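Containing TSV, C-alpha atoms: target-v1.tsv.
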```
chain	number	residue	atom	x	y	z
A	1	MET	CA	0.00	0.00	0.00
A	2	ILE	CA	1.20	3.51	-0.83
A	3	PHE	CA	-0.06	6.94	0.15
A	4	GLY	CA	-1.01	9.33	-2.63
A	5	GLU	CA	-0.03	12.31	-0.51
A	6	ARG	CA	3.50	10.92	-0.32
A	7	VAL	CA	3.65	10.79	-4.12
A	8	LYS	CA	2.57	14.44	-4.20
A	9	GLN	CA	5.18	15.36	-1.60
A	10	ALA	CA	7.90	13.55	-3.54
A	11	ARG	CA	6.88	15.28	-6.77
A	12	GLU	CA	6.88	18.72	-5.13
A	13	LEU	CA	10.16	17.97	-3.36
A	14	ARG	CA	11.85	17.51	-6.74
A	15	GLY	CA	10.13	20.53	-8.25
A	16	PHE	CA	8.03	18.51	-10.71
A	17	THR	CA	4.60	19.48	-11.95
A	18	GLN	CA	2.10	16.67	-12.49
A	19	THR	CA	2.70	17.08	-16.22
A	20	LYS	CA	6.48	16.74	-15.86
A	21	LEU	CA	6.23	13.62	-13.70
A	22	ALA	CA	3.72	12.16	-16.16
A	23	GLU	CA	6.20	12.71	-19.00
A	24	LEU	CA	8.95	10.93	-17.06
A	25	LEU	CA	6.65	7.99	-16.33
A	26	LYS	CA	5.12	7.99	-19.83
A	27	VAL	CA	1.57	8.25	-18.46
A	28	THR	CA	-1.04	11.00	-18.58
A	29	GLN	CA	-1.26	13.92	-16.19
A	30	GLY	CA	-4.67	12.62	-15.19
A	31	ARG	CA	-3.08	9.35	-14.07
A	32	ILE	CA	-0.76	11.27	-11.72
A	33	ALA	CA	-3.76	13.14	-10.31
A	34	GLN	CA	-5.51	9.81	-9.71
A	35	ILE	CA	-2.47	8.38	-7.91
A	36	GLU	CA	-2.13	11.44	-5.68
A	37	GLY	CA	-5.85	11.42	-4.94
A	38	GLU	CA	-5.78	7.66	-4.25
A	39	PHE	CA	-8.61	7.05	-6.68
A	40	ARG	CA	-7.06	3.95	-8.24
A	41	ASP	CA	-4.65	1.18	-7.26
A	42	VAL	CA	-1.09	1.65	-8.43
A	43	ALA	CA	1.01	-1.13	-9.92
A	44	ASP	CA	4.23	-1.96	-8.11
A	45	SER	CA	6.18	-1.31	-11.31
A	46	LEU	CA	4.80	2.23	-11.54
A	47	ILE	CA	5.63	2.97	-7.90
A	48	ALA	CA	9.15	1.72	-8.57
A	49	GLU	CA	9.36	4.16	-11.50
A	50	ILE	CA	8.16	7.04	-9.31
A	51	ALA	CA	10.75	6.13	-6.68
A	52	TYR	CA	13.46	6.04	-9.34
A	53	HIS	CA	12.62	9.44	-10.83
A	54	THR	CA	12.26	11.14	-7.43
A	55	ASP	CA	15.41	9.54	-5.94
A	56	LEU	CA	13.54	8.09	-2.97
A	57	PRO	CA	13.32	4.54	-1.57
A	58	LEU	CA	10.09	2.55	-1.88
A	59	SER	CA	9.68	2.73	1.90
A	60	TYR	CA	9.09	6.50	1.60
A	61	PHE	CA	5.78	5.96	-0.18
A	62	SER	CA	4.41	3.37	2.25
A	63	LYS	CA	4.73	5.63	5.32
A	64	ALA	CA	1.75	7.78	6.27
A	65	PRO	CA	2.54	11.48	5.65
A	66	VAL	CA	3.22	13.54	8.75
A	67	ASN	CA	3.71	17.29	8.41
A	68	ARG	CA	5.28	18.63	11.58
A	69	LEU	CA	7.05	21.51	9.85
A	70	SER	CA	4.89	24.50	8.95
A	71	ALA	CA	5.66	27.10	6.31
A	72	GLY	CA	6.08	29.68	9.06
A	73	SER	CA	7.65	32.91	7.81
A	74	LEU	CA	8.11	31.36	4.34
A	75	LEU	CA	4.50	32.30	3.59
A	76	PHE	CA	5.45	35.98	3.64
A	77	ARG	CA	8.03	35.36	0.92
A	78	ALA	CA	5.32	33.70	-1.17
A	79	ARG	CA	3.80	37.15	-1.56
A	80	THR	CA	7.06	38.75	-2.67
A	81	SER	CA	9.61	37.52	-5.20
A	82	ILE	CA	9.29	33.73	-4.95
A	83	SER	CA	6.86	31.77	-7.11
A	84	LYS	CA	4.30	29.49	-5.50
A	85	ARG	CA	6.04	26.40	-6.90
A	86	GLU	CA	9.40	27.56	-5.49
A	87	VAL	CA	7.82	28.13	-2.09
A	88	THR	CA	6.29	24.64	-2.16
A	89	GLN	CA	9.56	23.02	-3.18
A	90	SER	CA	11.45	24.92	-0.47
A	91	LEU	CA	8.96	23.77	2.16
A	92	ARG	CA	9.04	20.15	0.97
A	93	ASP	CA	12.84	20.15	1.05
A	94	ALA	CA	12.80	21.63	4.55
A	95	GLU	CA	10.33	18.92	5.62
A	96	HIS	CA	12.67	16.34	4.10
A	97	VAL	CA	15.76	17.57	5.96
A	98	PHE	CA	13.70	18.05	9.12
A	99	GLY	CA	12.56	14.42	8.77
A	100	LEU	CA	16.21	13.33	8.74
A	101	ALA	CA	16.89	15.33	11.90
A	102	GLU	CA	13.72	14.05	13.56
A	103	SER	CA	14.60	10.42	12.81
A	104	MET	CA	17.71	10.90	14.94
A	105	ALA	CA	16.19	13.16	17.59
A	106	ARG	CA	13.92	10.35	18.79
A	107	ASP	CA	16.96	8.77	20.44
A	108	LEU	CA	18.59	11.98	21.64
A	109	TYR	CA	17.85	14.75	24.10
A	110	ILE	CA	18.41	18.26	22.76
A	111	PRO	CA	17.72	20.90	25.41
A	112	VAL	CA	15.81	23.99	24.27
A	113	SER	CA	16.47	27.17	26.22
A	114	MET	CA	15.28	29.64	23.57
A	115	ARG	CA	12.45	31.78	24.92
A	116	THR	CA	9.77	33.93	23.34
A	117	LEU	CA	9.59	37.58	24.34
A	118	GLU	CA	7.17	40.44	23.94
A	119	GLY	CA	7.60	44.18	23.64
A	120	ASP	CA	9.91	46.46	21.69
A	121	PRO	CA	12.09	44.56	19.15
A	122	ARG	CA	15.28	46.28	20.28
A	123	GLU	CA	14.64	45.40	23.92
A	124	ALA	CA	13.78	41.84	22.90
A	125	ALA	CA	17.11	41.59	21.04
A	126	ARG	CA	19.02	42.82	24.09
A	127	LYS	CA	17.22	40.32	26.34
A	128	THR	CA	17.93	37.48	23.90
A	129	ARG	CA	21.62	38.36	23.93
A	130	ALA	CA	21.59	38.19	27.72
A	131	LEU	CA	19.76	34.84	27.71
A	132	LEU	CA	22.32	33.44	25.28
A	133	GLY	CA	25.20	34.64	27.42
A	134	LEU	CA	26.45	37.07	24.77
A	135	PRO	CA	28.25	40.31	25.70
A	136	ALA	CA	25.85	43.26	25.55
A	137	ALA	CA	27.89	45.48	23.24
A	138	GLU	CA	30.21	43.25	21.22
A	139	PRO	CA	29.95	41.54	17.82
A	140	VAL	CA	28.49	38.03	17.75
A	141	ARG	CA	30.97	35.31	16.88
A	142	GLY	CA	29.60	31.90	15.92
A	143	LEU	CA	25.96	32.99	15.67
A	144	ILE	CA	24.64	29.69	14.35
A	145	ARG	CA	26.61	27.63	16.87
A	146	THR	CA	25.32	29.86	19.66
A	147	LEU	CA	21.70	29.34	18.58
A	148	GLU	CA	22.21	25.59	18.21
A	149	GLY	CA	23.50	25.60	21.77
A	150	ALA	CA	20.14	27.07	22.82
A	151	GLY	CA	18.26	24.28	21.07
A	152	VAL	CA	17.49	25.99	17.76
A	153	TRP	CA	17.58	23.57	14.82
A	154	VAL	CA	19.41	25.44	12.06
A	155	LEU	CA	18.88	23.41	8.90
A	156	ALA	CA	20.67	23.95	5.59
A	157	ILE	CA	18.05	23.42	2.87
A	158	PRO	CA	19.36	22.75	-0.68
A	159	ALA	CA	16.18	24.00	-2.41
A	160	LEU	CA	16.45	27.34	-0.58
A	161	LYS	CA	19.60	28.26	-2.49
A	162	GLY	CA	19.48	31.98	-3.17
A	163	ARG	CA	16.17	32.41	-1.32
A	164	ASP	CA	17.41	33.64	2.05
A	165	ALA	CA	15.80	31.83	5.02
A	166	PHE	CA	12.61	31.12	6.93
A	167	CYS	CA	11.62	29.90	10.38
A	168	CYS	CA	8.90	28.08	12.29
A	169	TRP	CA	8.21	26.31	15.57
A	170	ALA	CA	7.88	22.53	15.08
A	171	GLN	CA	6.66	19.70	17.28
A	172	VAL	CA	8.97	16.80	18.13
A	173	GLU	CA	7.86	14.26	20.72
A	174	GLY	CA	5.39	16.79	22.13
A	175	ARG	CA	8.04	19.51	22.51
A	176	ASP	CA	8.20	22.85	20.70
A	177	ILE	CA	11.37	23.13	18.65
A	178	PRO	CA	12.53	26.43	17.10
A	179	VAL	CA	13.67	25.87	13.51
A	180	ILE	CA	15.56	28.19	11.16
A	181	ALA	CA	15.98	27.02	7.57
A	182	ILE	CA	18.92	28.64	5.76
A	183	SER	CA	20.18	28.76	2.20
A	184	PRO	CA	23.51	27.01	1.45
A	185	GLY	CA	26.07	29.13	-0.34
A	186	CYS	CA	24.82	32.43	1.08
A	187	SER	CA	27.56	34.99	1.83
A	188	GLY	CA	28.54	35.18	5.48
A	189	ASP	CA	27.30	38.73	6.04
A	190	ARG	CA	23.95	38.07	4.40
A	191	LEU	CA	23.59	34.76	6.25
A	192	ALA	CA	24.13	36.44	9.61
A	193	MET	CA	21.43	39.03	8.95
A	194	ASN	CA	19.04	36.37	7.64
A	195	VAL	CA	19.50	34.23	10.75
A	196	ALA	CA	19.14	37.20	13.13
A	197	HIS	CA	16.01	38.32	11.27
A	198	GLU	CA	14.40	34.88	11.53
A	199	LEU	CA	15.44	34.66	15.17
A	200	GLY	CA	13.42	37.83	15.69
A	201	HIS	CA	10.36	36.13	14.21
A	202	LEU	CA	10.88	33.08	16.44
A	203	VAL	CA	11.28	35.14	19.58
A	204	MET	CA	8.55	37.74	18.98
A	205	HIS	CA	6.02	36.22	16.58
A	206	LYS	CA	5.58	32.57	17.56
A	207	ASN	CA	1.79	32.70	17.23
A	208	SER	CA	1.83	34.83	14.06
A	209	LEU	CA	4.35	33.05	11.84
A	210	GLY	CA	1.69	31.98	9.37
A	211	ARG	CA	0.42	35.56	9.15
A	212	ILE	CA	3.59	37.61	8.80
A	213	SER	CA	2.82	41.17	7.70
A	214	ALA	CA	4.97	44.07	6.54
A	215	GLU	CA	4.78	45.45	10.09
A	216	LEU	CA	6.03	42.20	11.62
A	217	GLU	CA	8.82	42.07	9.03
A	218	LYS	CA	9.81	45.58	10.08
A	219	GLU	CA	9.96	44.43	13.71
A	220	ALA	CA	12.14	41.46	12.74
A	221	PHE	CA	14.53	43.76	10.87
A	222	ALA	CA	14.77	46.05	13.90
A	223	TYR	CA	15.40	43.03	16.13
A	224	GLY	CA	18.09	41.64	13.82
A	225	ALA	CA	19.88	45.00	13.57
A	226	GLU	CA	20.01	45.43	17.35
A	227	PHE	CA	20.98	41.79	17.89
A	228	LEU	CA	23.94	41.90	15.48
A	229	MET	CA	24.84	45.59	15.85
A	230	PRO	CA	23.83	46.62	19.39
A	231	GLU	CA	23.56	50.37	19.71
A	232	ALA	CA	25.77	50.41	22.80
A	233	GLY	CA	28.59	48.78	20.87
A	234	ILE	CA	28.32	50.12	17.36
A	235	ARG	CA	27.52	53.79	17.99
A	236	PRO	CA	31.14	54.59	18.97
A	237	ASP	CA	32.25	52.97	15.67
A	238	LEU	CA	29.86	55.13	13.62
A	239	GLN	CA	31.11	58.53	14.68
A	240	PRO	CA	30.92	61.11	11.86
A	241	PRO	CA	32.13	61.78	9.29
A	242	VAL	CA	30.70	58.51	7.94
A	243	SER	CA	32.16	57.39	4.60
A	244	LEU	CA	32.16	54.13	2.66
A	245	THR	CA	35.85	53.75	3.45
A	246	ARG	CA	35.20	53.92	7.19
A	247	ILE	CA	32.11	51.74	6.94
A	248	SER	CA	34.01	49.12	4.95
A	249	ARG	CA	36.56	48.78	7.75
A	250	LEU	CA	33.76	47.88	10.14
A	251	LYS	CA	32.47	44.98	8.04
A	252	PRO	CA	35.00	42.35	9.26
A	253	LYS	CA	34.48	43.41	12.87
A	254	TRP	CA	30.68	43.22	12.92
A	255	GLY	CA	30.26	40.48	10.29
A	256	VAL	CA	27.45	42.27	8.46
A	257	SER	CA	27.22	43.93	5.05
A	258	ILE	CA	28.31	47.47	4.25
A	259	GLN	CA	24.70	48.18	3.29
A	260	ALA	CA	23.48	46.99	6.70
A	261	LEU	CA	26.03	49.22	8.43
A	262	VAL	CA	24.94	52.25	6.41
A	263	ARG	CA	21.32	51.51	7.26
A	264	ARG	CA	22.25	51.15	10.94
A	265	ALA	CA	23.97	54.54	10.90
A	266	TYR	CA	20.82	56.08	9.45
A	267	ASP	CA	18.45	54.34	11.90
A	268	LEU	CA	20.57	55.53	14.83
A	269	GLY	CA	20.46	59.13	13.57
A	270	VAL	CA	24.20	59.27	12.91
A	271	ILE	CA	23.64	60.28	9.28
A	272	SER	CA	20.83	62.23	7.65
A	273	GLU	CA	18.47	60.90	5.00
A	274	ARG	CA	20.41	62.89	2.41
A	275	GLN	CA	23.70	61.29	3.48
A	276	TYR	CA	22.04	57.89	3.53
A	277	ARG	CA	20.83	58.27	-0.05
A	278	TYR	CA	24.23	59.55	-1.17
A	279	LEU	CA	26.05	56.58	0.35
A	280	PHE	CA	23.68	54.15	-1.35
A	281	MET	CA	24.20	55.94	-4.67
A	282	GLN	CA	27.91	55.30	-4.20
A	283	ILE	CA	27.25	51.65	-3.32
A	284	SER	CA	25.18	51.23	-6.49
A	285	SER	CA	27.77	52.95	-8.70
A	286	LYS	CA	30.46	50.58	-7.41
A	287	GLY	CA	28.30	47.51	-8.06
A	288	TRP	CA	28.22	46.65	-4.35
A	289	ARG	CA	24.48	46.11	-4.26
A	290	THR	CA	25.01	42.56	-5.53
A	291	GLU	CA	28.64	41.88	-4.59
A	292	GLU	CA	30.46	43.76	-1.86
A	293	PRO	CA	34.21	43.86	-1.24
A	294	ILE	CA	35.60	42.09	1.83
A	295	GLN	CA	34.09	38.62	1.92
A	296	ILE	CA	32.81	37.15	5.19
A	297	ALA	CA	33.08	33.36	5.35
A	298	PRO	CA	29.65	31.80	5.95
A	299	GLU	CA	29.17	29.74	9.09
A	300	LYS	CA	27.96	26.19	8.54
A	301	PRO	CA	25.38	24.71	10.91
A	302	ARG	CA	26.62	21.78	12.95
A	303	LEU	CA	23.69	20.22	14.81
A	304	LEU	CA	22.45	17.71	12.22
A	305	LYS	CA	25.86	16.17	11.63
A	306	LYS	CA	26.59	16.15	15.36
A	307	MET	CA	23.34	14.24	15.97
A	308	ALA	CA	24.47	11.64	13.41
A	309	GLU	CA	27.91	11.35	15.03
A	310	VAL	CA	26.44	10.91	18.52
A	311	LEU	CA	24.11	8.14	17.33
A	312	TYR	CA	26.22	6.38	14.73
A	313	GLY	CA	29.84	7.35	15.38
A	314	SER	CA	32.21	9.49	13.35
A	315	SER	CA	32.27	6.99	10.47
A	316	LEU	CA	28.64	7.94	9.66
A	317	PRO	CA	27.19	4.74	8.14
A	318	LEU	CA	25.07	6.35	5.43
A	319	ASP	CA	23.01	3.24	4.72
A	320	ARG	CA	21.79	2.99	8.32
A	321	ILE	CA	21.10	6.72	8.63
A	322	ALA	CA	19.22	6.69	5.31
A	323	ALA	CA	17.12	3.64	6.19
A	324	ALA	CA	15.93	5.24	9.41
A	325	ALA	CA	14.89	8.41	7.54
A	326	ASP	CA	13.39	6.81	4.39
A	327	MET	CA	16.07	8.32	2.17
A	328	LEU	CA	18.77	7.05	-0.14
A	329	PRO	CA	22.38	7.06	1.16
A	330	ALA	CA	23.54	9.42	-1.60
A	331	GLU	CA	21.02	12.05	-0.55
A	332	VAL	CA	21.96	11.75	3.11
A	333	SER	CA	25.57	12.30	2.07
A	334	ARG	CA	24.67	15.43	0.06
A	335	ILE	CA	22.73	16.85	2.99
A	336	LEU	CA	25.36	16.13	5.64
A	337	ASP	CA	28.03	17.74	3.44
A	338	LEU	CA	26.29	21.07	4.12
A	339	TYR	CA	27.10	20.80	7.84
A	340	ALA	CA	30.31	21.49	9.73
A	341	ASP	CA	32.59	18.72	10.92
A	342	THR	CA	33.59	18.30	14.54
A	343	GLU	CA	36.30	20.64	15.76
A	344	ARG	CA	37.75	18.31	18.40
A	345	PRO	CA	37.10	14.64	17.61
A	346	SER	CA	37.24	12.44	20.68
A	347	PRO	CA	37.59	8.64	20.89
A	348	ARG	CA	35.58	8.56	24.13
A	349	ALA	CA	31.97	7.36	24.21
A	350	LYS	CA	29.53	10.19	23.64
A	351	SER	CA	26.55	11.18	25.76
A	352	ARG	CA	23.17	11.13	24.07
A	353	ILE	CA	22.56	14.68	25.24
A	354	VAL	CA	23.42	16.93	22.29
A	355	SER	CA	24.92	20.19	23.47
A	356	PHE	CA	27.42	22.81	22.37
A	357	PRO	CA	30.02	24.73	24.35
A	358	ALA	CA	29.13	28.24	25.48
A	359	PRO	CA	30.21	30.94	23.01
A	360	SER	CA	33.56	32.54	23.75
A	361	ARG	CA	33.76	36.24	24.44
A	362	VAL	CA	35.14	38.45	21.69
A	363	PRO	CA	38.44	40.09	22.57
A	364	LYS	CA	38.21	43.86	22.89
```

In structure tokens, how does this file's structure come out?
Amino acid sequence: MIFGERVKQARELRGFTQTKLAELLKVTQGRIAQIEGEFRDVADSLIAEIAYHTDLPLSYFSKAPVNRLSAGSLLFRARTSISKREVTQSLRDAEHVFGLAESMARDLYIPVSMRTLEGDPREAARKTRALLGLPAAEPVRGLIRTLEGAGVWVLAIPALKGRDAFCCWAQVEGRDIPVIAISPGCSGDRLAMNVAHELGHLVMHKNSLGRISAELEKEAFAYGAEFLMPEAGIRPDLQPPVSLTRISRLKPKWGVSIQALVRRAYDLGVISERQYRYLFMQISSKGWRTEEPIQIAPEKPRLLKKMAEVLYGSSLPLDRIAAAADMLPAEVSRILDLYADTERPSPRAKSRIVSFPAPSRVPK
């Protein structure tokens, strides 16, 4: 027995329309609709063909579909520059990677200390910093690792490539898990702002993630700016006269884009609207809107690969990991390659409590 909804999920995961999948299977589009609607029995040979073209094991289609990952803040992007099909594929891929993490989390304990907060976004950002043990006025080093240490599942999603990030709260074994889905290959400065922005949504908008508005996006931007560039720390660095040369020197220190630093200077009243517009005219004329000088290395998430190492050992037996998650070993390998390796491998037996060391303070 197979589930038609699983066929639909597999098709959307690979970005196929019903017509495209029908062409691959040499059947009609109507036949695909019948399979997904469970209106007719499906021959084993046809299911095998579907599994082949979607790169999934047969076991995937015989498991009842469970959707524990919501679209969350991704729904807001559906109203902007991303097509409906791209949104669906991004969500399906996130569900897929989340399913891999969940298959391992059943046998692990991952503490969650992330809290939701109300009130002014800037105050919420300052409180979050304090809860995470971060210095109040210094740049954040190892943002993703810090959030993973607080129980946030940061998942690299292949289908999100070039589409920033989104977040949601998911249910695992009756517990609420904060999830941030990120795009692989994103520049380090853009990644940091994306993650901080989505953290703002998680912290402030838990009950509104399916109804993100322009106003809530504005709050998340304000949260992210204060979280990454706290006023108490960055104001002394933004003393006038503000120029692109001076701003550029701040990029490696704060780990954010030149454009974000210019915007921060404007929001803090350090520069006027006229100066702000002039600086952005310069940025555009230099071609920095799309590619800035001074590259910031992106931080890879670590949690998913660490879960695999705790359960299966550093050798990572892909066949066993894949079987537990209803995937093929090659796909598990591609996914795990997006995650950071261990910094200090140890031959000692590992605890089944997944945790990360506290973030180190940034030297002044």

Exercise for the section: Can you work out which one of A:Ile177, A:Gln275, A:Leu191, A:Ser62 has the shortest atom-to-atom distance to Glu148 in chain A, counting all atoms listed in the file? Expected result: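 Among the listed residues, A:Ile177 lies closest to Glu148 in chain A.
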
Handout entry: Contacts of Leu228 in chain A at 9 Å (only C-alpha atoms; same-chain gap of 6+ positions) as JSON, numbers by chain
Key = {"A": [125, 138, 139, 140, 192, 193, 196, 254, 255, 256]}

Exercise for the section: Identify, on the basis of all atoms listed in the file, every residue whose closest approach to Leu75 in chain A does not exceed 10 Å; exclude the query and any residue fewer than 6 positions from it along the same chain; express the result as a count of residues only. Expected result: 11

Step by step, gather every atom of range 121-132 of chain A that the file lists, find the box along x, y and z that holds them, add 3 Å on each side, and finally give centre and edge lengths in Å to one decimal, as lines of an AutoDock Vina configuration file.
```
center_x = 17.2
center_y = 39.9
center_z = 23.4
size_x = 16.2
size_y = 18.8
size_z = 14.6
```

Practice task
Between CA of Glu273 in chain A and CA of Ala165 in chain A, measure the distance and give it in Å to one decimal.
Solution key: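 These two atoms are separated by 29.2 Å.
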
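Atom pair CA of Met229 in chain A / CA of Phe280 in chain A: separated by 19.2 Å.
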
Handout entry: Shortest interatomic distance to Pro329 in chain A - which of A:Leu74, A:Asp107, A:Leu100, A:Lys253, counting all atoms listed in the file
Key =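 Closest to Pro329 in chain A, using all atoms listed in the file: A:Leu100.
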
Handout entry: For range 233-246 of chain A: contacts at 12 Å, all atoms listed in the file, fewer than 5 positions along chain excluded, given as a ChimeraX atom specification
Key = /A:126,135-140,225-228,251-254,256-272,275-276,278-284,286,288,292-294,364

Practice task
Do a neighbour search on range 216-221 of chain A at 10 Å with all atoms listed in the file, toss out local chain neighbours closer than 6 positions, and write the hits as an NGL selection string.
Solution key: :A and (73 or 76 or 120-122 or 125 or 193-194 or 196-205 or 208-209 or 227)

Practice task
Go through A:Ile157, A:Val179, A:Leu316, A:Ile50 one by one, measure the shortest atom-to-atom distance of each to Lys300 in chain A using only C-alpha atoms, and give the residue with the smallest value.
Solution key: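 Nearest to Lys300 in chain A: A:Ile157.
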
Exercise for the section: Compare A:Asp55, A:Glu49, A:Glu291, A:Glu102 by their minimum atom-to-atom distance to Asn67 in chain A, counting all atoms listed in the file, and give me the closest one. Expected result: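 Among A:Asp55, A:Glu49, A:Glu291, A:Glu102, it is A:Glu102 that comes nearest to Asn67 in chain A.
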
Problem - Of the listed residues A:Arg145, A:Arg320, A:Arg302, A:Arg68, that which approaches Asp337 in chain A most closely, counting all atoms listed in the file - result: A:Arg302

Fill in the blank from the handout: If you count all atoms listed in the file, the residue of A:Thr17, A:Ser90, A:Thr128, A:Thr116 closest to Lys161 in chain A turns out to be A:Ser90

Practice task
Could you tell me how far CA of Arg106 in chain A lies from CA of Val172 in chain A, in Å and to one decimal?
Solution key: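 Taking CA of Arg106 in chain A as the start and CA of Val172 in chain A as the end point, the length is 8.2 Å.
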
Problem - Contact residues around Asp319 in chain A with only C-alpha atoms at 12 Å, ignoring same-chain residues under 4 positions, as an NGL selection string - result: :A and (57 or 312 or 315 or 323-333)

Grab the residues selected above and save them as a PDB file, in the coordinates of the input with C-alpha atoms.
```
ATOM      1  CA  PRO A  57      13.320   4.540  -1.570  1.00  0.00           C
ATOM      2  CA  TYR A 312      26.220   6.380  14.730  1.00  0.00           C
ATOM      3  CA  SER A 315      32.270   6.990  10.470  1.00  0.00           C
ATOM      4  CA  ALA A 323      17.120   3.640   6.190  1.00  0.00           C
ATOM      5  CA  ALA A 324      15.930   5.240   9.410  1.00  0.00           C
ATOM      6  CA  ALA A 325      14.890   8.410   7.540  1.00  0.00           C
ATOM      7  CA  ASP A 326      13.390   6.810   4.390  1.00  0.00           C
ATOM      8  CA  MET A 327      16.070   8.320   2.170  1.00  0.00           C
ATOM      9  CA  LEU A 328      18.770   7.050  -0.140  1.00  0.00           C
ATOM     10  CA  PRO A 329      22.380   7.060   1.160  1.00  0.00           C
ATOM     11  CA  ALA A 330      23.540   9.420  -1.600  1.00  0.00           C
ATOM     12  CA  GLU A 331      21.020  12.050  -0.550  1.00  0.00           C
ATOM     13  CA  VAL A 332      21.960  11.750   3.110  1.00  0.00           C
ATOM     14  CA  SER A 333      25.570  12.300   2.070  1.00  0.00           C
TER      15      SER A 333
END
```

Can you give me N, CA and C atoms for range 273-291 of chain A, written as an mmCIF file, in the frame of the given file?
```cif
data_model
loop_
_atom_site.group_PDB
_atom_site.id
_atom_site.type_symbol
_atom_site.label_atom_id
_atom_site.label_comp_id
_atom_site.auth_asym_id
_atom_site.auth_seq_id
_atom_site.Cartn_x
_atom_site.Cartn_y
_atom_site.Cartn_z
ATOM 1 N N GLU A 273 19.049 61.613 6.142
ATOM 2 C CA GLU A 273 18.470 60.900 5.000
ATOM 3 C C GLU A 273 19.226 61.229 3.725
ATOM 4 N N ARG A 274 19.649 62.477 3.591
ATOM 5 C CA ARG A 274 20.410 62.890 2.410
ATOM 6 C C ARG A 274 21.732 62.130 2.328
ATOM 7 N N GLN A 275 22.441 62.044 3.455
ATOM 8 C CA GLN A 275 23.700 61.290 3.480
ATOM 9 C C GLN A 275 23.470 59.810 3.195
ATOM 10 N N TYR A 276 22.387 59.291 3.751
ATOM 11 C CA TYR A 276 22.040 57.890 3.530
ATOM 12 C C TYR A 276 21.836 57.602 2.045
ATOM 13 N N ARG A 277 21.081 58.461 1.383
ATOM 14 C CA ARG A 277 20.830 58.270 -0.050
ATOM 15 C C ARG A 277 22.119 58.403 -0.849
ATOM 16 N N TYR A 278 22.960 59.339 -0.461
ATOM 17 C CA TYR A 278 24.230 59.550 -1.170
ATOM 18 C C TYR A 278 25.124 58.313 -1.057
ATOM 19 N N LEU A 279 25.218 57.765 0.155
ATOM 20 C CA LEU A 279 26.050 56.580 0.350
ATOM 21 C C LEU A 279 25.543 55.394 -0.464
ATOM 22 N N PHE A 280 24.221 55.257 -0.560
ATOM 23 C CA PHE A 280 23.680 54.150 -1.350
ATOM 24 C C PHE A 280 23.857 54.386 -2.846
ATOM 25 N N MET A 281 23.879 55.649 -3.267
ATOM 26 C CA MET A 281 24.200 55.940 -4.670
ATOM 27 C C MET A 281 25.630 55.498 -4.970
ATOM 28 N N GLN A 282 26.535 55.743 -4.021
ATOM 29 C CA GLN A 282 27.910 55.300 -4.200
ATOM 30 C C GLN A 282 27.997 53.770 -4.237
ATOM 31 N N ILE A 283 27.264 53.120 -3.355
ATOM 32 C CA ILE A 283 27.250 51.650 -3.320
ATOM 33 C C ILE A 283 26.773 51.093 -4.659
ATOM 34 N N SER A 284 25.720 51.681 -5.198
ATOM 35 C CA SER A 284 25.180 51.230 -6.490
ATOM 36 C C SER A 284 26.181 51.467 -7.616
ATOM 37 N N SER A 285 26.831 52.621 -7.623
ATOM 38 C CA SER A 285 27.770 52.950 -8.700
ATOM 39 C C SER A 285 28.983 52.020 -8.699
ATOM 40 N N LYS A 286 29.327 51.501 -7.520
ATOM 41 C CA LYS A 286 30.460 50.580 -7.410
ATOM 42 C C LYS A 286 30.069 49.130 -7.655
ATOM 43 N N GLY A 287 28.766 48.880 -7.847
ATOM 44 C CA GLY A 287 28.300 47.510 -8.060
ATOM 45 C C GLY A 287 28.236 46.696 -6.794
ATOM 46 N N TRP A 288 28.205 47.358 -5.632
ATOM 47 C CA TRP A 288 28.220 46.650 -4.350
ATOM 48 C C TRP A 288 26.845 46.187 -3.905
ATOM 49 N N ARG A 289 25.820 46.572 -4.626
ATOM 50 C CA ARG A 289 24.480 46.110 -4.260
ATOM 51 C C ARG A 289 24.400 44.583 -4.332
ATOM 52 N N THR A 290 25.070 44.015 -5.318
ATOM 53 C CA THR A 290 25.010 42.560 -5.530
ATOM 54 C C THR A 290 26.265 41.845 -5.036
ATOM 55 N N GLU A 291 27.404 42.526 -5.043
ATOM 56 C CA GLU A 291 28.640 41.880 -4.590
ATOM 57 C C GLU A 291 29.531 42.914 -3.923
#
```
